[in-house]
file structure.cif (mmCIF, C-alpha atoms)
data_protein
loop_
_atom_site.label_atom_id
_atom_site.label_comp_id
_atom_site.auth_asym_id
_atom_site.auth_seq_id
_atom_site.Cartn_x
_atom_site.Cartn_y
_atom_site.Cartn_z
CA MET X 203 88.76 102.88 106.97
CA SER X 204 88.80 99.67 105.00
CA ALA X 205 86.38 96.95 104.00
CA GLY X 206 86.81 95.40 107.41
CA SER X 207 86.76 98.62 109.43
CA ALA X 208 84.36 99.58 112.16
CA MET X 209 82.32 101.66 109.76
CA SER X 210 81.12 98.95 107.47
CA PRO X 211 81.20 95.35 108.73
CA GLN X 212 78.62 93.23 106.96
CA LEU X 213 76.86 96.12 105.27
CA ALA X 214 73.82 95.18 103.25
CA SER X 215 74.53 94.50 99.60
CA LYS X 216 74.98 97.46 97.30
CA ALA X 217 71.75 96.47 95.54
CA ASP X 218 69.86 96.62 98.86
CA ILE X 219 71.39 99.99 99.74
CA ALA X 220 70.53 101.40 96.30
CA ARG X 221 67.00 100.05 96.56
CA GLY X 222 66.51 101.52 100.04
CA PHE X 223 67.52 105.00 98.96
CA GLY X 224 65.60 104.70 95.71
CA ASN X 225 62.44 103.88 97.63
CA ALA X 226 62.88 107.13 99.55
CA ARG X 227 63.25 109.34 96.47
CA ALA X 228 59.85 111.03 96.89
CA THR X 229 60.27 111.81 100.61
CA TYR X 230 64.02 112.45 100.77
CA GLU X 231 64.17 116.18 100.13
CA GLY X 232 61.44 116.97 102.65
CA ALA X 233 63.30 115.11 105.39
CA SER X 234 66.88 116.14 104.63
CA ARG X 235 67.56 118.67 107.40
CA LEU X 236 70.97 117.25 108.26
CA GLN X 237 71.86 116.80 104.59
CA ARG X 238 71.09 120.47 103.90
CA LEU X 239 73.01 121.68 106.93
CA MET X 240 76.14 119.74 106.03
CA GLY X 241 75.85 120.21 102.27
CA ASN X 242 75.29 123.95 102.54
CA THR X 243 78.45 124.25 104.63
CA MET X 244 80.44 122.66 101.81
CA LEU X 245 78.62 124.51 99.05
CA GLU X 246 79.42 127.92 100.53
CA ILE X 247 83.13 127.07 100.63
CA VAL X 248 83.14 125.59 97.13
CA GLN X 249 81.29 128.56 95.64
CA SER X 250 83.56 131.05 97.42
CA GLN X 251 86.63 129.29 96.03
CA THR X 252 85.09 129.23 92.57
CA ARG X 253 84.38 132.97 92.64
CA GLN X 254 87.92 133.72 93.76
CA SER X 255 89.65 131.48 91.23
CA GLY X 256 87.30 131.99 88.30
CA CYS X 257 87.78 128.32 87.40
CA SER X 258 85.65 126.24 85.06
CA GLY X 259 85.47 122.62 83.95
CA ARG X 260 83.83 119.32 84.92
CA VAL X 261 82.03 119.01 88.24
CA LEU X 262 80.98 115.66 89.71
CA ASP X 263 78.34 115.37 92.44
CA LEU X 264 79.21 111.93 93.78
CA GLY X 265 76.28 110.27 95.54
CA CYS X 266 73.93 112.91 94.16
CA GLY X 267 70.68 111.41 95.46
CA THR X 268 67.76 113.52 94.29
CA GLY X 269 70.14 115.99 92.63
CA TRP X 270 69.55 118.90 95.01
CA TYR X 271 73.23 119.88 95.14
CA THR X 272 73.84 118.86 91.54
CA ARG X 273 71.37 121.55 90.54
CA LYS X 274 72.97 124.03 92.93
CA LEU X 275 76.41 123.33 91.46
CA ALA X 276 75.04 123.82 87.95
CA GLU X 277 74.00 127.35 88.93
CA ASN X 278 77.68 128.35 88.76
CA GLY X 279 77.15 128.92 85.06
CA PRO X 280 77.75 127.47 81.59
CA ALA X 281 81.51 127.32 82.11
CA PHE X 282 80.88 124.16 84.15
CA PHE X 283 79.81 120.74 82.90
CA VAL X 284 77.99 119.15 85.83
CA MET X 285 77.35 115.44 86.34
CA GLY X 286 75.30 113.77 89.06
CA MET X 287 76.28 110.18 89.91
CA ASP X 288 74.55 107.78 92.30
CA LEU X 289 74.38 104.07 93.05
CA SER X 290 70.58 104.10 92.95
CA PRO X 291 69.04 104.06 89.45
CA ASP X 292 65.72 105.23 90.92
CA MET X 293 67.38 108.24 92.54
CA VAL X 294 69.15 109.08 89.28
CA ALA X 295 65.93 108.82 87.29
CA HIS X 296 64.13 111.03 89.82
CA ALA X 297 66.94 113.59 89.76
CA GLY X 298 67.03 113.72 85.98
CA ALA X 299 63.28 114.23 85.75
CA ASN X 300 63.50 117.36 87.89
CA ALA X 301 66.54 119.10 86.44
CA SER X 302 67.91 120.98 83.46
CA PRO X 303 68.80 118.83 80.45
CA ASP X 304 72.28 120.37 80.59
CA ILE X 305 73.13 118.18 83.59
CA ALA X 306 74.40 114.65 82.94
CA TRP X 307 73.17 111.79 85.14
CA VAL X 308 74.96 108.50 85.66
CA THR X 309 74.18 105.39 87.72
CA ALA X 310 77.49 104.09 89.06
CA ASP X 311 79.40 102.82 92.08
CA ALA X 312 81.58 105.42 93.83
CA GLU X 313 84.19 102.71 94.43
CA ALA X 314 84.63 102.42 90.64
CA ILE X 315 83.93 105.84 89.10
CA PRO X 316 83.49 105.35 85.34
CA LEU X 317 85.50 108.43 84.36
CA PRO X 318 89.03 108.79 82.95
CA ASN X 319 92.04 109.77 85.03
CA GLN X 320 92.39 113.50 85.63
CA SER X 321 89.01 114.34 84.14
CA CYS X 322 87.33 116.36 86.93
CA ASP X 323 87.95 119.84 88.27
CA LEU X 324 85.68 119.50 91.30
CA ILE X 325 84.16 116.54 93.15
CA PHE X 326 81.40 117.26 95.66
CA SER X 327 80.09 114.43 97.85
CA ASN X 328 77.60 115.05 100.64
CA LEU X 329 76.94 112.31 103.22
CA MET X 330 77.64 109.39 100.92
CA ILE X 331 80.89 107.63 101.81
CA GLN X 332 79.61 106.28 105.16
CA TRP X 333 77.35 103.97 103.11
CA CYS X 334 80.27 102.47 101.18
CA ALA X 335 81.81 99.11 102.05
CA ASN X 336 85.26 100.52 101.30
CA PRO X 337 85.37 104.31 101.82
CA VAL X 338 89.13 104.40 101.23
CA GLU X 339 88.59 103.14 97.70
CA VAL X 340 86.19 106.03 97.12
CA LEU X 341 88.86 108.52 98.21
CA ARG X 342 91.38 106.83 95.89
CA GLU X 343 88.94 107.00 92.99
CA CYS X 344 88.34 110.69 93.66
CA ARG X 345 92.10 111.27 93.70
CA ARG X 346 92.44 109.36 90.43
CA VAL X 347 89.84 111.34 88.49
CA LEU X 348 90.81 114.79 89.78
CA LYS X 349 93.01 116.96 87.61
CA PRO X 350 96.08 118.63 89.13
CA GLY X 351 94.61 121.65 90.88
CA GLY X 352 91.22 119.95 91.12
CA ARG X 353 89.29 120.17 94.37
CA LEU X 354 87.46 117.62 96.51
CA ALA X 355 84.78 118.41 99.10
CA VAL X 356 83.38 115.49 101.10
CA SER X 357 81.15 115.23 104.16
CA THR X 358 80.45 112.18 106.31
CA LEU X 359 79.37 111.07 109.79
CA LEU X 360 81.60 109.60 112.50
CA GLU X 361 81.29 107.40 115.56
CA GLY X 362 78.91 108.87 118.13
CA THR X 363 76.26 109.72 115.56
CA LEU X 364 72.77 108.91 116.88
CA ARG X 365 74.27 107.96 120.24
CA GLU X 366 70.99 108.66 122.06
CA LEU X 367 69.03 106.34 119.77
CA ASP X 368 71.73 103.69 120.09
CA GLN X 369 71.61 103.91 123.88
CA ALA X 370 67.82 103.59 123.95
CA TRP X 371 67.78 100.56 121.63
CA ARG X 372 70.54 98.80 123.61
CA LEU X 373 68.32 98.99 126.68
CA ALA X 374 65.08 98.17 124.89
CA ASP X 375 66.40 95.34 122.71
CA PRO X 376 69.63 93.92 124.21
CA GLY X 377 71.89 92.03 121.82
CA GLN X 378 70.30 93.47 118.68
CA THR X 379 71.97 96.38 116.88
CA HIS X 380 69.70 99.06 115.42
CA ILE X 381 72.21 101.79 114.51
CA ASN X 382 74.65 101.85 111.62
CA ARG X 383 78.29 101.84 112.68
CA PHE X 384 80.41 104.87 111.91
CA GLU X 385 84.17 105.30 111.74
CA PRO X 386 86.01 106.55 114.85
CA GLU X 387 87.40 110.02 114.27
CA ALA X 388 91.04 108.98 114.81
CA VAL X 389 90.77 106.18 112.24
CA PHE X 390 89.04 108.47 109.76
CA ARG X 391 91.69 111.19 110.12
CA GLU X 392 94.53 108.70 109.64
CA ALA X 393 92.96 107.28 106.47
CA VAL X 394 92.23 110.67 104.95
CA SER X 395 95.74 111.95 105.74
CA ARG X 396 97.23 108.86 104.11
CA GLU X 397 95.11 108.95 100.96
CA LEU X 398 94.79 112.73 100.56
CA PRO X 399 98.03 114.37 101.77
CA GLY X 400 97.45 117.85 103.09
CA ALA X 401 93.67 117.52 103.30
CA GLU X 402 91.82 119.82 105.67
CA ILE X 403 89.47 117.96 108.03
CA GLU X 404 86.81 119.76 110.05
CA THR X 405 84.62 118.09 112.68
CA ARG X 406 81.65 119.32 114.64
CA ASN X 407 78.92 117.91 116.87
CA LEU X 408 75.50 118.78 115.47
CA ARG X 409 72.27 118.30 117.43
CA LEU X 410 68.83 118.36 115.84
CA PRO X 411 65.49 118.49 117.66
CA TYR X 412 62.67 115.99 117.14
CA ALA X 413 59.17 115.88 118.55
CA SER X 414 59.77 112.32 119.76
CA PRO X 415 62.01 109.28 119.16
CA LEU X 416 59.39 108.00 116.72
CA ALA X 417 59.67 111.25 114.75
CA LEU X 418 63.43 110.66 114.49
CA ALA X 419 62.85 107.09 113.30
CA ALA X 420 60.31 108.33 110.76
CA GLU X 421 62.76 110.89 109.39
CA LEU X 422 65.45 108.23 108.95
CA LYS X 423 62.95 106.09 107.05
CA GLN X 424 61.96 109.01 104.82
CA LEU X 425 65.65 109.48 103.99
CA GLY X 426 66.20 105.80 103.27
CA ALA X 427 68.86 105.98 105.99
CA GLY X 428 67.65 103.20 108.25
CA TYR X 429 69.82 100.43 109.66
CA LYS X 430 71.68 98.73 106.78
CA HIS X 431 73.47 95.80 108.40
CA ALA X 432 73.27 92.56 106.43
CA GLY X 433 72.15 90.71 109.57
CA ARG X 434 69.34 93.09 110.52
CA ARG X 435 65.89 91.76 111.32
CA ARG X 436 63.68 91.41 108.27
CA THR X 437 60.46 91.57 110.30
CA LEU X 438 58.74 94.61 111.78
CA THR X 439 59.95 95.66 115.20
CA ALA X 440 57.47 94.63 117.88
CA PRO X 441 55.37 97.53 119.27
CA SER X 442 56.50 96.66 122.79
CA ARG X 443 60.15 97.19 121.77
CA LEU X 444 59.30 100.52 120.15
CA ARG X 445 57.53 101.66 123.31
CA ALA X 446 60.50 100.60 125.40
CA MET X 447 62.91 102.43 123.12
CA CYS X 448 60.86 105.61 123.48
CA GLN X 449 60.87 105.25 127.26
CA TYR X 450 64.64 104.79 127.39
CA TYR X 451 65.45 107.61 124.93
CA PRO X 452 67.14 110.44 126.90
CA LYS X 453 64.75 113.25 127.69
CA HIS X 454 65.75 116.70 126.51
CA GLU X 455 65.74 119.57 128.97
CA SER X 456 65.40 122.92 127.25
CA SER X 457 68.18 125.47 127.60
CA PRO X 458 68.89 128.96 126.22
CA THR X 459 70.83 127.38 123.33
CA GLU X 460 68.39 124.47 122.76
CA PRO X 461 64.90 125.71 123.72
CA GLU X 462 63.02 123.10 121.67
CA SER X 463 60.80 120.59 123.41
CA GLY X 464 60.91 116.87 122.62
CA VAL X 465 64.20 115.01 122.13
CA MET X 466 67.57 115.72 120.55
CA ALA X 467 69.72 113.59 118.26
CA SER X 468 73.48 113.96 117.97
CA TYR X 469 75.42 113.77 114.72
CA GLU X 470 79.23 113.73 114.63
CA ALA X 471 79.84 115.62 111.41
CA ALA X 472 83.05 115.68 109.38
CA TRP X 473 84.06 117.63 106.28
CA VAL X 474 87.14 117.01 104.12
CA TYR X 475 88.56 119.61 101.71
CA TRP X 476 91.48 118.71 99.47
CA THR X 477 93.25 120.14 96.43
CA CYS X 478 95.10 117.77 94.11
CA ARG X 479 98.63 119.14 93.85
CA GLU X 480 100.23 116.82 91.31
CA SER X 481 99.60 114.27 88.59
CA ASN X 482 97.79 111.08 89.58
CA ASP X 483 98.86 108.99 86.56
CA LYS X 484 100.36 106.35 88.84
CA THR X 485 97.28 105.89 91.05
#

call {"tool": "encode", "arguments": {"input": "structure.cif", "output": "structure tokens"}}
result
Amino acid sequence: MSAGSAMSPQLASKADIARGFGNARATYEGASRLQRLMGNTMLEIVQSQTRQSGCSGRVLDLGCGTGWYTRKLAENGPAFFVMGMDLSPDMVAHAGANASPDIAWVTADAEAIPLPNQSCDLIFSNLMIQWCANPVEVLRECRRVLKPGGRLAVSTLLEGTLRELDQAWRLADPGQTHINRFEPEAVFREAVSRELPGAEIETRNLRLPYASPLALAAELKQLGAGYKHAGRRRTLTAPSRLRAMCQYYPKHESSPTEPESGVMASYEAAWVYWTCRESNDKT
């Protein structure tokens, strides 16, 4: 999980990534089914731990987007100072305009968190690190700014995510990639274990229903989560290729566990939970 890893070769520039998510600020929350599902899983664990420990202090929502979870974290009460941080200035401005003035908002790069060593009691990061050129550096920065006893909760996506869409595009448009690359699970686990000793890693395959492949593509656009390779086409995809992709997309047969009609999309979800056990002065 490095700058040259399978997750992030030739990612678009950080400015392009920030601009893409910023452009989606008005539609993001209405389209964020996966983000809610994965974020709520983390939030329940974080809030349960907080109730049990009675802790207080500084909370950082890293990659806060529209601030949905920043606001949820602030509901823990006045004993917490909550900060939302995102690479996109437009997302940060949108989040700040729709939140309590007690929350601090910062535009910054997660690979260079502008906070002192050992200054945070909790870092929460939902579906952000897969967009970073160097996810390992983000984990190191989180380790650096956490206090001894501080907690980290991170979610991300792994290789196999959107496999159905990838398969359809490979048949419809050979030689042209349309899906962001994601880290293989084994590589991800090795990197997390190295950077965050003792971290708990949970993985799960999630499947979400869509009315059609075009509905899936529309949702990704509304999230600002489209293909972000530096070498992607800059022109609109030809209608004939879109039709072919829809024809090749695997058809979903309803079952007792998945009765929805339409198509399904797979997401290989991962959550990381870690408690900082000792001083990080040397990191």

call {"tool": "resolve_selection", "arguments": {"input": "structure.cif", "expression": "the PyMOL selection byres ((chain X and resi 374-386) around 6)", "output": "list in words"}}
result
Ala208, Met209, Leu360, Glu361, Asp368, Trp371, Arg372, Leu373, Glu387, Ala388, Val389, Tyr429, Arg443, Ala446 and Met447 of chain X

call {"tool": "axis_aligned_box", "arguments": {"input": "structure.cif", "around": "stretch 351-370 of chain X", "padding_each_side": "6 Å", "output": "lines of an AutoDock Vina configuration file"}}
result
center_x = 81.2
center_y = 112.6
center_z = 107.4
size_x = 38.8
size_y = 30.1
size_z = 45.1

call {"tool": "closest_residue", "arguments": {"input": "structure.cif", "among": "X:Arg227, X:Lys216, X:Lys274, X:Arg345", "to": "X:Gly241", "atoms": "all atoms listed in the file"}}
result
X:Lys274

call {"tool": "resolve_selection", "arguments": {"input": "structure.cif", "expression": "the PyMOL selection byres ((chain X and resi 392-397) around 8)", "output": "list of chain:residue names"}}
result
X:Met203, X:Val338, X:Leu341, X:Arg342, X:Ala388, X:Val389, X:Phe390, X:Arg391, X:Leu398, X:Pro399, X:Gly400, X:Ala401

call {"tool": "atom_distance", "arguments": {"input": "structure.cif", "atom1": "atom CA of X:Lys349", "atom2": "atom CA of X:Pro303"}}
result
25.3 Å

call {"tool": "closest_residue", "arguments": {"input": "structure.cif", "among": "X:Pro318, X:Gly464, X:Pro441, X:Pro337", "to": "X:Thr358", "atoms": "only C-alpha atoms"}}
result
X:Pro337
